[in-house]
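Data file: work.txt. Format and content: compact mmCIF, C-alpha atoms.
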# COMPACT_ATOMS: atom_id res chain seq x y z
CA MET A 1 -32.67 57.18 -29.32
CA ARG A 2 -33.56 55.06 -26.33
CA GLU A 3 -35.87 52.98 -28.52
CA ALA A 4 -33.16 52.49 -31.11
CA TYR A 5 -30.82 51.32 -28.38
CA GLN A 6 -33.33 48.82 -27.02
CA SER A 7 -33.89 47.64 -30.55
CA ASP A 8 -30.14 47.20 -31.01
CA LEU A 9 -29.99 45.08 -27.88
CA ARG A 10 -32.88 42.95 -29.10
CA HIS A 11 -31.14 42.45 -32.44
CA ILE A 12 -28.10 41.16 -30.65
CA VAL A 13 -30.14 38.38 -29.10
CA ASP A 14 -31.62 37.63 -32.53
CA ASP A 15 -28.13 37.47 -34.00
CA LEU A 16 -27.04 34.97 -31.35
CA VAL A 17 -30.08 32.81 -32.08
CA ASP A 18 -29.29 33.02 -35.82
CA MET A 19 -25.72 31.92 -35.19
CA ALA A 20 -27.00 28.99 -33.11
CA GLU A 21 -29.21 27.96 -36.01
CA MET A 22 -26.26 28.08 -38.40
CA VAL A 23 -24.27 25.91 -36.02
CA GLY A 24 -27.18 23.45 -35.80
CA THR A 25 -27.29 23.18 -39.59
CA ALA A 26 -23.54 22.64 -39.74
CA LEU A 27 -23.65 19.95 -37.06
CA GLU A 28 -26.46 17.95 -38.63
CA GLY A 29 -24.90 18.28 -42.08
CA ALA A 30 -21.50 17.21 -40.82
CA THR A 31 -22.86 14.11 -39.09
CA THR A 32 -24.92 13.10 -42.12
CA ALA A 33 -21.90 13.58 -44.37
CA LEU A 34 -19.82 11.50 -41.94
CA LEU A 35 -22.22 8.58 -41.60
CA GLU A 36 -23.37 8.54 -45.23
CA GLY A 37 -20.02 9.27 -46.82
CA ASP A 38 -21.50 12.30 -48.55
CA LEU A 39 -18.52 14.23 -49.89
CA ALA A 40 -20.49 17.09 -51.42
CA LEU A 41 -22.34 17.70 -48.16
CA ALA A 42 -19.07 17.61 -46.21
CA GLU A 43 -17.67 20.23 -48.56
CA ARG A 44 -20.73 22.44 -48.10
CA VAL A 45 -20.34 22.34 -44.33
CA VAL A 46 -16.65 23.22 -44.56
CA THR A 47 -17.20 26.12 -46.96
CA ALA A 48 -20.08 27.47 -44.88
CA ASP A 49 -17.96 27.82 -41.76
CA PRO A 50 -16.31 31.14 -42.70
CA HIS A 51 -19.81 32.64 -42.92
CA LEU A 52 -20.34 31.78 -39.28
CA ASP A 53 -16.97 33.30 -38.46
CA ALA A 54 -18.02 36.48 -40.27
CA ARG A 55 -21.26 36.58 -38.27
CA GLN A 56 -19.20 36.47 -35.09
CA VAL A 57 -17.06 39.35 -36.25
CA GLU A 58 -20.14 41.45 -37.07
CA LEU A 59 -21.88 40.62 -33.83
CA ASP A 60 -18.81 41.41 -31.75
CA ALA A 61 -18.40 44.73 -33.56
CA LYS A 62 -22.04 45.60 -32.77
CA ALA A 63 -21.57 44.72 -29.11
CA VAL A 64 -18.38 46.74 -28.81
CA GLU A 65 -19.99 49.69 -30.57
CA LEU A 66 -22.89 49.64 -28.13
CA LEU A 67 -20.42 49.46 -25.25
CA ALA A 68 -18.65 52.51 -26.66
CA ARG A 69 -21.67 54.58 -27.66
CA GLN A 70 -24.11 53.87 -24.90
CA SER A 71 -21.89 53.27 -21.84
CA PRO A 72 -24.39 50.69 -20.61
CA VAL A 73 -24.60 49.56 -17.06
CA ALA A 74 -26.27 46.77 -15.14
CA THR A 75 -28.25 44.25 -17.20
CA ASP A 76 -27.41 45.79 -20.57
CA LEU A 77 -23.70 45.73 -19.79
CA ARG A 78 -23.93 42.11 -18.71
CA LEU A 79 -25.79 41.24 -21.92
CA LEU A 80 -23.07 42.80 -24.07
CA VAL A 81 -20.28 41.11 -22.12
CA ALA A 82 -22.17 37.80 -22.29
CA THR A 83 -22.65 38.30 -26.02
CA LEU A 84 -18.92 38.49 -26.61
CA ARG A 85 -18.47 35.20 -24.77
CA MET A 86 -21.39 33.47 -26.44
CA SER A 87 -20.50 34.47 -29.97
CA SER A 88 -17.06 32.99 -29.32
CA SER A 89 -18.55 29.69 -28.11
CA LEU A 90 -20.90 29.52 -31.08
CA GLU A 91 -18.10 30.22 -33.54
CA ARG A 92 -16.04 27.46 -31.93
CA MET A 93 -18.97 25.02 -32.10
CA GLY A 94 -19.17 25.77 -35.81
CA ASP A 95 -15.46 25.01 -36.17
CA LEU A 96 -15.97 21.68 -34.41
CA ALA A 97 -18.80 20.77 -36.80
CA ALA A 98 -16.53 21.69 -39.71
CA HIS A 99 -13.82 19.45 -38.23
CA VAL A 100 -16.30 16.55 -38.26
CA ALA A 101 -16.97 17.29 -41.94
CA LEU A 102 -13.23 17.39 -42.64
CA ILE A 103 -12.87 13.89 -41.21
CA ALA A 104 -15.72 12.71 -43.43
CA ARG A 105 -13.95 14.29 -46.41
CA ARG A 106 -10.55 12.84 -45.53
CA ALA A 107 -11.94 9.31 -45.13
CA HIS A 108 -13.90 9.40 -48.40
CA PRO A 109 -14.66 7.09 -50.17
CA GLU A 110 -14.32 5.03 -46.99
CA LEU A 111 -16.57 5.69 -44.03
CA ALA A 112 -14.65 7.06 -41.06
CA VAL A 113 -17.03 5.44 -38.56
CA PRO A 114 -17.07 1.63 -38.42
CA THR A 115 -20.52 0.01 -38.35
CA GLU A 116 -20.32 -0.93 -34.69
CA HIS A 117 -20.02 2.74 -33.66
CA ARG A 118 -22.51 4.36 -36.02
CA ASP A 119 -25.38 4.46 -33.56
CA GLN A 120 -23.19 5.90 -30.83
CA ILE A 121 -21.86 8.66 -33.09
CA ALA A 122 -25.37 9.41 -34.32
CA ARG A 123 -26.45 9.64 -30.69
CA MET A 124 -23.60 12.04 -29.85
CA SER A 125 -24.67 14.29 -32.69
CA VAL A 126 -28.32 14.23 -31.63
CA LEU A 127 -27.30 15.11 -28.07
CA GLY A 128 -25.17 17.98 -29.34
CA SER A 129 -28.02 19.28 -31.49
CA ALA A 130 -30.46 19.04 -28.60
CA ALA A 131 -28.06 20.82 -26.25
CA LEU A 132 -27.55 23.55 -28.82
CA GLN A 133 -31.29 23.94 -29.42
CA ALA A 134 -31.99 24.18 -25.70
CA ALA A 135 -29.14 26.67 -25.27
CA SER A 136 -30.59 28.77 -28.08
CA GLU A 137 -33.97 28.79 -26.35
CA VAL A 138 -32.32 29.86 -23.10
CA ILE A 139 -30.61 32.71 -24.95
CA GLU A 140 -33.92 33.86 -26.38
CA SER A 141 -36.21 33.29 -23.42
CA ARG A 142 -33.76 33.49 -20.51
CA ASP A 143 -35.69 30.54 -19.10
CA LEU A 144 -33.05 28.89 -16.95
CA ALA A 145 -35.21 25.80 -16.44
CA LEU A 146 -33.98 24.62 -19.84
CA ALA A 147 -30.39 24.95 -18.66
CA ALA A 148 -30.66 21.65 -16.76
CA GLN A 149 -31.46 19.85 -20.02
CA VAL A 150 -28.27 21.14 -21.56
CA GLU A 151 -26.17 19.95 -18.64
CA LYS A 152 -27.84 16.53 -18.81
CA ARG A 153 -27.04 16.11 -22.51
CA ASP A 154 -23.47 17.22 -21.90
CA ASP A 155 -23.14 14.58 -19.17
CA GLU A 156 -24.40 11.93 -21.56
CA LEU A 157 -21.94 13.15 -24.20
CA ASP A 158 -19.10 12.81 -21.70
CA GLU A 159 -20.20 9.24 -20.90
CA LEU A 160 -20.45 8.26 -24.56
CA MET A 161 -16.98 9.60 -25.22
CA LEU A 162 -15.59 7.51 -22.36
CA THR A 163 -17.56 4.44 -23.40
CA ILE A 164 -16.42 4.53 -27.00
CA SER A 165 -12.86 5.26 -25.92
CA ARG A 166 -12.83 2.26 -23.59
CA GLU A 167 -14.37 0.00 -26.23
CA ILE A 168 -11.58 0.91 -28.61
CA SER A 169 -8.81 0.50 -26.01
CA GLY A 170 -10.20 -2.80 -24.88
CA SER A 171 -10.66 -4.36 -28.29
CA ASP A 172 -8.36 -6.68 -30.19
CA GLU A 173 -5.60 -4.84 -31.94
CA ASP A 174 -6.87 -5.90 -35.38
CA THR A 175 -10.43 -4.60 -34.90
CA TYR A 176 -9.47 -1.13 -36.11
CA THR A 177 -6.82 0.37 -38.33
CA ASN A 178 -4.72 3.08 -36.67
CA ALA A 179 -6.37 5.64 -38.96
CA GLN A 180 -9.79 4.57 -37.67
CA VAL A 181 -8.68 4.93 -34.06
CA ILE A 182 -7.30 8.40 -34.78
CA ASP A 183 -10.50 9.50 -36.51
CA LEU A 184 -12.80 8.07 -33.86
CA THR A 185 -10.74 9.65 -31.07
CA LEU A 186 -10.98 13.04 -32.75
CA LEU A 187 -14.68 12.67 -33.57
CA ILE A 188 -15.80 11.78 -30.06
CA ARG A 189 -13.77 14.66 -28.72
CA PHE A 190 -15.32 17.11 -31.21
CA TYR A 191 -18.86 16.09 -30.24
CA GLU A 192 -17.99 16.17 -26.54
CA ARG A 193 -16.58 19.68 -26.89
CA ILE A 194 -19.75 20.82 -28.64
CA GLY A 195 -21.63 19.75 -25.51
CA ASP A 196 -19.15 21.64 -23.30
CA HIS A 197 -19.71 24.81 -25.30
CA ALA A 198 -23.49 24.45 -25.07
CA VAL A 199 -23.12 24.31 -21.28
CA SER A 200 -20.93 27.39 -21.43
CA LEU A 201 -23.68 29.22 -23.36
CA VAL A 202 -26.34 28.57 -20.76
CA ARG A 203 -24.03 29.44 -17.88
CA ARG A 204 -23.45 32.83 -19.51
CA ILE A 205 -27.20 33.39 -19.63
CA GLY A 206 -27.32 32.32 -15.99
CA PHE A 207 -24.78 35.05 -15.21
CA LEU A 208 -26.87 37.50 -17.18
CA VAL A 209 -30.12 36.67 -15.44
CA THR A 210 -28.88 36.35 -11.88
CA GLY A 211 -26.11 38.90 -12.01
CA ASP A 212 -23.96 36.46 -10.08
CA SER A 213 -20.22 36.74 -10.41
CA LEU A 214 -18.65 34.60 -13.09
CA ASP A 215 -17.83 31.92 -10.51
CA ALA A 216 -17.72 28.42 -11.85
CA LEU A 217 -18.57 29.54 -15.36
CA GLY A 218 -15.43 28.21 -16.93
CA ASP A 219 -16.30 26.94 -20.33
CA GLY A 220 -18.18 23.85 -19.28
CA VAL A 221 -15.04 21.76 -19.09
CA ASP A 222 -14.82 18.99 -16.55
CA VAL A 223 -11.09 18.46 -16.20
CA GLN A 224 -11.61 14.82 -15.27
CA VAL A 225 -13.24 14.08 -18.58
CA PHE A 226 -11.43 15.54 -21.53
CA MET B 227 -9.57 59.02 -9.47
CA ARG B 228 -8.09 59.15 -12.93
CA GLU B 229 -4.81 57.83 -11.57
CA ALA B 230 -6.55 55.00 -9.78
CA TYR B 231 -8.29 54.09 -13.02
CA GLN B 232 -5.05 54.07 -14.99
CA SER B 233 -3.54 51.95 -12.25
CA ASP B 234 -6.46 49.52 -12.49
CA LEU B 235 -5.91 49.19 -16.22
CA ARG B 236 -2.21 48.55 -15.67
CA HIS B 237 -3.03 45.86 -13.12
CA ILE B 238 -5.19 44.11 -15.65
CA VAL B 239 -2.23 43.73 -17.97
CA ASP B 240 -0.16 42.46 -15.03
CA ASP B 241 -2.88 39.93 -14.22
CA LEU B 242 -2.86 38.63 -17.79
CA VAL B 243 0.90 38.25 -17.69
CA ASP B 244 0.59 36.41 -14.35
CA MET B 245 -1.98 34.05 -15.84
CA ALA B 246 0.34 33.40 -18.77
CA GLU B 247 3.12 32.52 -16.35
CA MET B 248 0.83 30.07 -14.53
CA VAL B 249 -0.07 28.45 -17.85
CA GLY B 250 3.63 28.18 -18.73
CA THR B 251 4.34 26.42 -15.44
CA ALA B 252 1.43 24.04 -16.00
CA LEU B 253 2.55 23.25 -19.55
CA GLU B 254 6.14 22.50 -18.64
CA GLY B 255 5.08 20.47 -15.61
CA ALA B 256 2.56 18.49 -17.63
CA THR B 257 5.08 17.60 -20.33
CA THR B 258 7.72 16.61 -17.81
CA ALA B 259 5.17 14.45 -15.97
CA LEU B 260 4.16 12.89 -19.27
CA LEU B 261 7.64 12.07 -20.55
CA GLU B 262 9.10 11.08 -17.17
CA GLY B 263 6.07 9.22 -15.85
CA ASP B 264 6.01 11.50 -12.81
CA LEU B 265 2.67 10.86 -11.15
CA ALA B 266 3.10 13.35 -8.32
CA LEU B 267 3.96 16.13 -10.74
CA ALA B 268 0.97 15.24 -12.92
CA GLU B 269 -1.27 15.50 -9.86
CA ARG B 270 0.18 18.90 -8.96
CA VAL B 271 -0.59 20.24 -12.42
CA VAL B 272 -4.15 18.94 -12.29
CA THR B 273 -4.86 20.35 -8.83
CA ALA B 274 -3.32 23.72 -9.75
CA ASP B 275 -5.70 24.24 -12.66
CA PRO B 276 -8.67 25.49 -10.60
CA HIS B 277 -6.42 28.30 -9.33
CA LEU B 278 -5.98 29.47 -12.89
CA ASP B 279 -9.74 29.25 -13.39
CA ALA B 280 -10.21 31.40 -10.27
CA ARG B 281 -7.76 33.97 -11.64
CA GLN B 282 -9.84 34.21 -14.79
CA VAL B 283 -12.99 34.79 -12.75
CA GLU B 284 -11.31 37.57 -10.75
CA LEU B 285 -9.82 39.21 -13.80
CA ASP B 286 -13.10 39.14 -15.70
CA ALA B 287 -14.90 40.64 -12.72
CA LYS B 288 -12.33 43.48 -12.61
CA ALA B 289 -12.75 44.13 -16.31
CA VAL B 290 -16.54 44.18 -16.11
CA GLU B 291 -16.43 46.44 -13.07
CA LEU B 292 -14.23 48.92 -14.92
CA LEU B 293 -16.61 48.76 -17.88
CA ALA B 294 -19.50 49.56 -15.53
CA ARG B 295 -17.84 52.22 -13.38
CA GLN B 296 -15.73 54.11 -15.87
CA SER B 297 -17.70 53.81 -19.13
CA PRO B 298 -14.43 53.69 -21.03
CA VAL B 299 -14.10 54.47 -24.68
CA ALA B 300 -11.51 54.01 -27.39
CA THR B 301 -8.31 52.26 -26.35
CA ASP B 302 -9.38 51.56 -22.79
CA LEU B 303 -12.61 49.95 -23.96
CA ARG B 304 -10.70 47.82 -26.44
CA LEU B 305 -8.29 46.74 -23.71
CA LEU B 306 -11.12 45.62 -21.46
CA VAL B 307 -12.88 43.77 -24.28
CA ALA B 308 -9.59 42.18 -25.30
CA THR B 309 -8.97 41.20 -21.68
CA LEU B 310 -12.19 39.20 -21.54
CA ARG B 311 -11.13 37.29 -24.63
CA MET B 312 -7.56 36.76 -23.54
CA SER B 313 -8.38 35.55 -20.05
CA SER B 314 -10.64 32.99 -21.67
CA SER B 315 -7.86 31.79 -24.00
CA LEU B 316 -5.37 31.58 -21.13
CA GLU B 317 -7.83 29.62 -18.99
CA ARG B 318 -8.39 27.21 -21.86
CA MET B 319 -4.64 26.79 -22.39
CA GLY B 320 -4.38 25.87 -18.71
CA ASP B 321 -7.11 23.26 -19.19
CA LEU B 322 -5.21 21.79 -22.12
CA ALA B 323 -2.04 21.52 -20.03
CA ALA B 324 -4.08 19.81 -17.31
CA HIS B 325 -5.45 17.39 -19.93
CA VAL B 326 -1.85 16.46 -20.83
CA ALA B 327 -1.20 15.79 -17.15
CA LEU B 328 -4.35 13.64 -16.95
CA ILE B 329 -3.08 11.46 -19.77
CA ALA B 330 0.23 11.07 -17.93
CA ARG B 331 -1.70 10.08 -14.82
CA ARG B 332 -3.97 7.66 -16.63
CA ALA B 333 -1.06 5.89 -18.34
CA HIS B 334 0.99 5.55 -15.13
CA PRO B 335 3.02 3.44 -14.44
CA GLU B 336 3.37 3.10 -18.23
CA LEU B 337 4.61 6.00 -20.30
CA ALA B 338 1.91 7.32 -22.59
CA VAL B 339 4.43 8.39 -25.25
CA PRO B 340 6.38 5.61 -27.00
CA THR B 341 10.14 6.19 -27.33
CA GLU B 342 9.98 6.94 -31.04
CA HIS B 343 7.74 9.99 -30.43
CA ARG B 344 9.34 11.44 -27.29
CA ASP B 345 11.44 14.03 -29.11
CA GLN B 346 8.49 15.16 -31.21
CA ILE B 347 6.24 15.58 -28.16
CA ALA B 348 9.01 17.40 -26.29
CA ARG B 349 9.35 19.69 -29.31
CA MET B 350 5.61 20.39 -29.40
CA SER B 351 5.74 21.39 -25.75
CA VAL B 352 8.76 23.65 -26.28
CA LEU B 353 6.99 25.32 -29.20
CA GLY B 354 3.89 25.84 -27.09
CA SER B 355 5.93 27.33 -24.26
CA ALA B 356 7.77 29.63 -26.66
CA ALA B 357 4.53 30.75 -28.28
CA LEU B 358 3.02 31.44 -24.88
CA GLN B 359 6.11 33.35 -23.72
CA ALA B 360 6.12 35.49 -26.86
CA ALA B 361 2.37 36.10 -26.52
CA SER B 362 2.89 37.20 -22.93
CA GLU B 363 5.57 39.67 -24.04
CA VAL B 364 3.21 41.01 -26.69
CA ILE B 365 0.53 41.50 -24.04
CA GLU B 366 2.95 43.42 -21.85
CA SER B 367 4.82 45.42 -24.46
CA ARG B 368 2.28 45.58 -27.29
CA ASP B 369 5.24 44.93 -29.57
CA LEU B 370 3.56 43.29 -32.53
CA ALA B 371 6.89 42.30 -34.04
CA LEU B 372 6.86 39.34 -31.65
CA ALA B 373 3.49 38.28 -33.01
CA ALA B 374 5.14 36.76 -36.07
CA GLN B 375 7.14 34.41 -33.84
CA VAL B 376 3.96 33.11 -32.32
CA GLU B 377 2.41 32.40 -35.71
CA LYS B 378 5.58 30.61 -36.81
CA ARG B 379 5.56 28.33 -33.80
CA ASP B 380 1.90 27.61 -34.31
CA ASP B 381 2.61 26.64 -37.92
CA GLU B 382 5.31 24.25 -36.76
CA LEU B 383 2.94 22.79 -34.17
CA ASP B 384 0.38 22.17 -36.91
CA GLU B 385 3.01 20.41 -39.01
CA LEU B 386 4.18 18.24 -36.14
CA MET B 387 0.62 17.19 -35.41
CA LEU B 388 0.14 16.15 -39.03
CA THR B 389 3.52 14.41 -39.18
CA ILE B 390 2.93 12.35 -36.06
CA SER B 391 -0.61 11.56 -37.16
CA ARG B 392 0.60 10.31 -40.54
CA GLU B 393 3.38 8.26 -38.95
CA ILE B 394 0.84 6.50 -36.77
CA SER B 395 -1.66 5.92 -39.62
CA GLY B 396 1.08 4.63 -41.89
CA SER B 397 2.68 2.24 -39.44
CA ASP B 398 2.14 -1.47 -39.02
CA GLU B 399 -0.94 -2.25 -37.00
CA ASP B 400 1.13 -3.89 -34.25
CA THR B 401 3.44 -0.90 -33.66
CA TYR B 402 1.00 0.68 -31.21
CA THR B 403 -1.74 -0.47 -28.89
CA ASN B 404 -5.12 1.19 -29.48
CA ALA B 405 -4.70 2.96 -26.14
CA GLN B 406 -1.41 4.45 -27.31
CA VAL B 407 -2.99 5.70 -30.53
CA ILE B 408 -5.83 7.30 -28.58
CA ASP B 409 -3.44 9.00 -26.15
CA LEU B 410 -1.08 10.23 -28.86
CA THR B 411 -3.99 11.57 -30.93
CA LEU B 412 -5.30 13.50 -27.95
CA LEU B 413 -1.85 14.75 -26.90
CA ILE B 414 -0.87 16.15 -30.28
CA ARG B 415 -4.23 17.85 -30.50
CA PHE B 416 -3.85 19.40 -27.03
CA TYR B 417 -0.44 20.85 -27.90
CA GLU B 418 -1.68 22.05 -31.27
CA ARG B 419 -4.64 23.82 -29.64
CA ILE B 420 -2.27 25.52 -27.19
CA GLY B 421 -0.52 27.01 -30.21
CA ASP B 422 -3.85 28.12 -31.68
CA HIS B 423 -4.75 29.91 -28.47
CA ALA B 424 -1.36 31.66 -28.35
CA VAL B 425 -2.06 32.99 -31.85
CA SER B 426 -5.48 34.12 -30.66
CA LEU B 427 -3.83 36.06 -27.81
CA VAL B 428 -1.55 38.03 -30.10
CA ARG B 429 -4.32 38.73 -32.58
CA ARG B 430 -6.33 40.28 -29.75
CA ILE B 431 -3.39 42.55 -28.95
CA GLY B 432 -3.20 43.36 -32.64
CA PHE B 433 -6.85 44.46 -32.48
CA LEU B 434 -6.05 46.50 -29.42
CA VAL B 435 -3.08 48.27 -30.92
CA THR B 436 -4.40 48.92 -34.39
CA GLY B 437 -8.06 49.39 -33.52
CA ASP B 438 -8.87 47.32 -36.57
CA SER B 439 -12.16 45.49 -36.67
CA LEU B 440 -12.09 41.96 -35.37
CA ASP B 441 -11.67 40.64 -38.92
CA ALA B 442 -9.81 37.39 -39.21
CA LEU B 443 -9.29 37.14 -35.48
CA GLY B 444 -11.13 33.88 -35.07
CA ASP B 445 -9.36 31.88 -32.43
CA GLY B 446 -6.30 30.99 -34.46
CA VAL B 447 -7.95 27.92 -35.92
CA ASP B 448 -7.07 26.86 -39.40
CA VAL B 449 -10.02 24.73 -40.41
CA GLN B 450 -7.84 22.67 -42.73
CA VAL B 451 -5.66 21.53 -39.89
CA PHE B 452 -7.55 20.42 -36.87

Give the structure from the file, written as structure tokens.
Amino acid sequence: MREAYQSDLRHIVDDLVDMAEMVGTALEGATTALLEGDLALAERVVTADPHLDARQVELDAKAVELLARQSPVATDLRLLVATLRMSSSLERMGDLAAHVALIARRAHPELAVPTEHRDQIARMSVLGSAALQAASEVIESRDLALAAQVEKRDDELDELMLTISREISGSDEDTYTNAQVIDLTLLIRFYERIGDHAVSLVRRIGFLVTGDSLDALGDGVDVQVF
Amino acid sequence: MREAYQSDLRHIVDDLVDMAEMVGTALEGATTALLEGDLALAERVVTADPHLDARQVELDAKAVELLARQSPVATDLRLLVATLRMSSSLERMGDLAAHVALIARRAHPELAVPTEHRDQIARMSVLGSAALQAASEVIESRDLALAAQVEKRDDELDELMLTISREISGSDEDTYTNAQVIDLTLLIRFYERIGDHAVSLVRRIGFLVTGDSLDALGDGVDVQVF
């Protein structure tokens, strides 16, 4: 029974890593759909999102069941509590990727991202993917050294969001249509929030590993940069 | 010892209601600062946000400690799990209110919201406050009848976001500066997300009361309306 319990705990980590992979797929697909104007791909990302939501529901149910059945303490308890938080962050990251795909779909057959911002948006997506991948490795290995990489990518995401925002504000009024400004504002925010959630993931693992109180965990949000 | 435990559980509900009240204050203050161009008030909202974050940290620590010390089952376990989720939603709602205040601050001495959208923004804030108030009552009373009110206000928030967004997209290009479009896009999204989180709060109480699986809890996000 002890072995089955340890196995259950291990499966929970595997489930989190699986969810992270699903989010990664959604994010890359959404960005490709956005930059290429690929309607079918955008639709696939949108319709795949409920599967990620379902995975969260299952994972949370497993965690709660283990809390109920095993009355865990110490590290195991912290893992289960951390799992509830992390599954929520991952589900939200999936929603954000689906929102990117929805913008691609709404703009079709136009491209939502004007040529001058394509590289920046592509960069934001790459940073988000890298942050997510590193966070997934931290979840699996508990190697906090990788956590610094996630924070770094999130910082760069914050800077890109500000840069693009300033470029739009500072440009001539006829450079963009209002619809383009709306879409770009939403897009840069979605990618920036994906970075915030990746930071939140690694901070939860930090709590798990060190046992420190949840001080300064927040959800990776820097109030000065929304 | 049993009495102390029941008292601890009761205090957790009180703490959640306190947090909701702090969020309500932040939201009303932020909107007033935004519409009145009140810089000092905007600053107060921004500097108060870390206090709400600290309340979440304390509340989560209490919940985890009860999970560790008491090995609760059934309803008590569900309450503690729900508490972790709800404190997170409330903290995020506080962040969103602070983001509104940051926009007010950034726009100062201009007003971020053009005259033609003042009533709509005021309405979005009122809806958010009402949703939050109803959610707080559901947390305290577990009266799920109030939950329908929250969903209704969230629906209206979604509609207002779409309406304002369409008005901006459909207007002449010289009606707004790019900066105004950016700020309005962010603002309507912040208010809309506050509504989503209020829905998430009541769904957690629903889970608590009915014991149903976490099906369809999500975080109140309708993927079609971001």

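Restricting the calculation to all atoms listed in the file, the smallest distance between chain B and any of A:Arg92, A:Arg10, A:Arg44, A:His51 is found for A:Arg92.
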
Identify the residues around (-5.4, 29.9, -24.2) within a radius of 9 Å, measuring from all atoms listed in the file in the coordinates stated by the file, and give them as an MDAnalysis selection string.
-> chainID B and resid 246 249 312:322 358 419:427

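Picture a line from atom CA of B:Ala338 to atom CA of B:Glu418; it runs 17.5 Å.
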
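Taking all atoms listed in the file into account, chain B lies nearest to A:Ala98 out of the set A:Leu127, A:Ala98, A:Val138, A:Leu157.
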
For the atom pair atom CA of B:Leu267 and atom CA of B:Ala252, what is the interatomic distance in Å to one decimal place?
-> 9.8 Å

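Atom pair atom CA of A:Thr75 / atom CA of A:Ile139: separated by 14.1 Å.
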
Contacts between stretch 389-402 of chain B and stretch 92-182 of chain A, please, where a residue of stretch 92-182 of chain A counts if it comes within 12 Å (with all atoms listed in the file); show its shortest atom pair and distance in Å to one decimal, rows by chain and ascending number, as CSV.
residue,atom,partner,partner_atom,distance
A:Ser169,CA,B:Tyr402,CA,11.1
A:Asp172,CA,B:Asp400,CA,10.7
A:Glu173,CA,B:Asp400,CA,7.2
A:Asp174,CA,B:Glu399,CA,7.1
A:Thr175,CA,B:Glu399,CA,10.0
A:Tyr176,CA,B:Glu399,CA,8.6
A:Thr177,CA,B:Glu399,CA,6.6
A:Asn178,CA,B:Ser395,CA,5.1
A:Ala179,CA,B:Ser395,CA,4.8
A:Gln180,CA,B:Ser395,CA,8.5
A:Val181,CA,B:Ser395,CA,9.0
A:Ile182,CA,B:Ser391,CA,7.8

Non-local contacts of B:Ile431 (8 Å; only C-alpha atoms; under 2 positions in same chain excluded) as a PyMOL selection string | chain B and resi 308+364-365+368+370+427-429+433-435

Keeping only C-alpha atoms, write those residues as a CSV table (one decimal), in the coordinates of the input.
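As written to disk, out32.csv reads:
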chain,number,residue,atom,x,y,z
B,308,ALA,CA,-9.6,42.2,-25.3
B,364,VAL,CA,3.2,41.0,-26.7
B,365,ILE,CA,0.5,41.5,-24.0
B,368,ARG,CA,2.3,45.6,-27.3
B,370,LEU,CA,3.6,43.3,-32.5
B,427,LEU,CA,-3.8,36.1,-27.8
B,428,VAL,CA,-1.6,38.0,-30.1
B,429,ARG,CA,-4.3,38.7,-32.6
B,433,PHE,CA,-6.8,44.5,-32.5
B,434,LEU,CA,-6.0,46.5,-29.4
B,435,VAL,CA,-3.1,48.3,-30.9

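Considering the residues B:Gly432, B:Ala268, B:Val290, B:Val239 and counting only C-alpha atoms, B:Ala330 has its shortest atom-to-atom contact with B:Ala268.
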
If you count all atoms listed in the file, the residue of A:Arg204, A:Arg123, A:Arg189, A:His117 closest to A:Glu28 turns out to be A:Arg123

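Nearest to A:Asp183 of all the residues A:Ala107, A:Ile12, A:Glu36, A:Ala135 is A:Ala107, counting only C-alpha atoms.
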
Around all the atoms of stretch 49-63 of chain A listed in the file, with 3 Å of room on each side, what axis-aligned box do you get, giving centre and edge lengths in Å to one decimal, as AutoDock Vina command-line options?
--center_x -19.2 --center_y 36.7 --center_z -36.0 --size_x 11.7 --size_y 23.8 --size_z 19.8
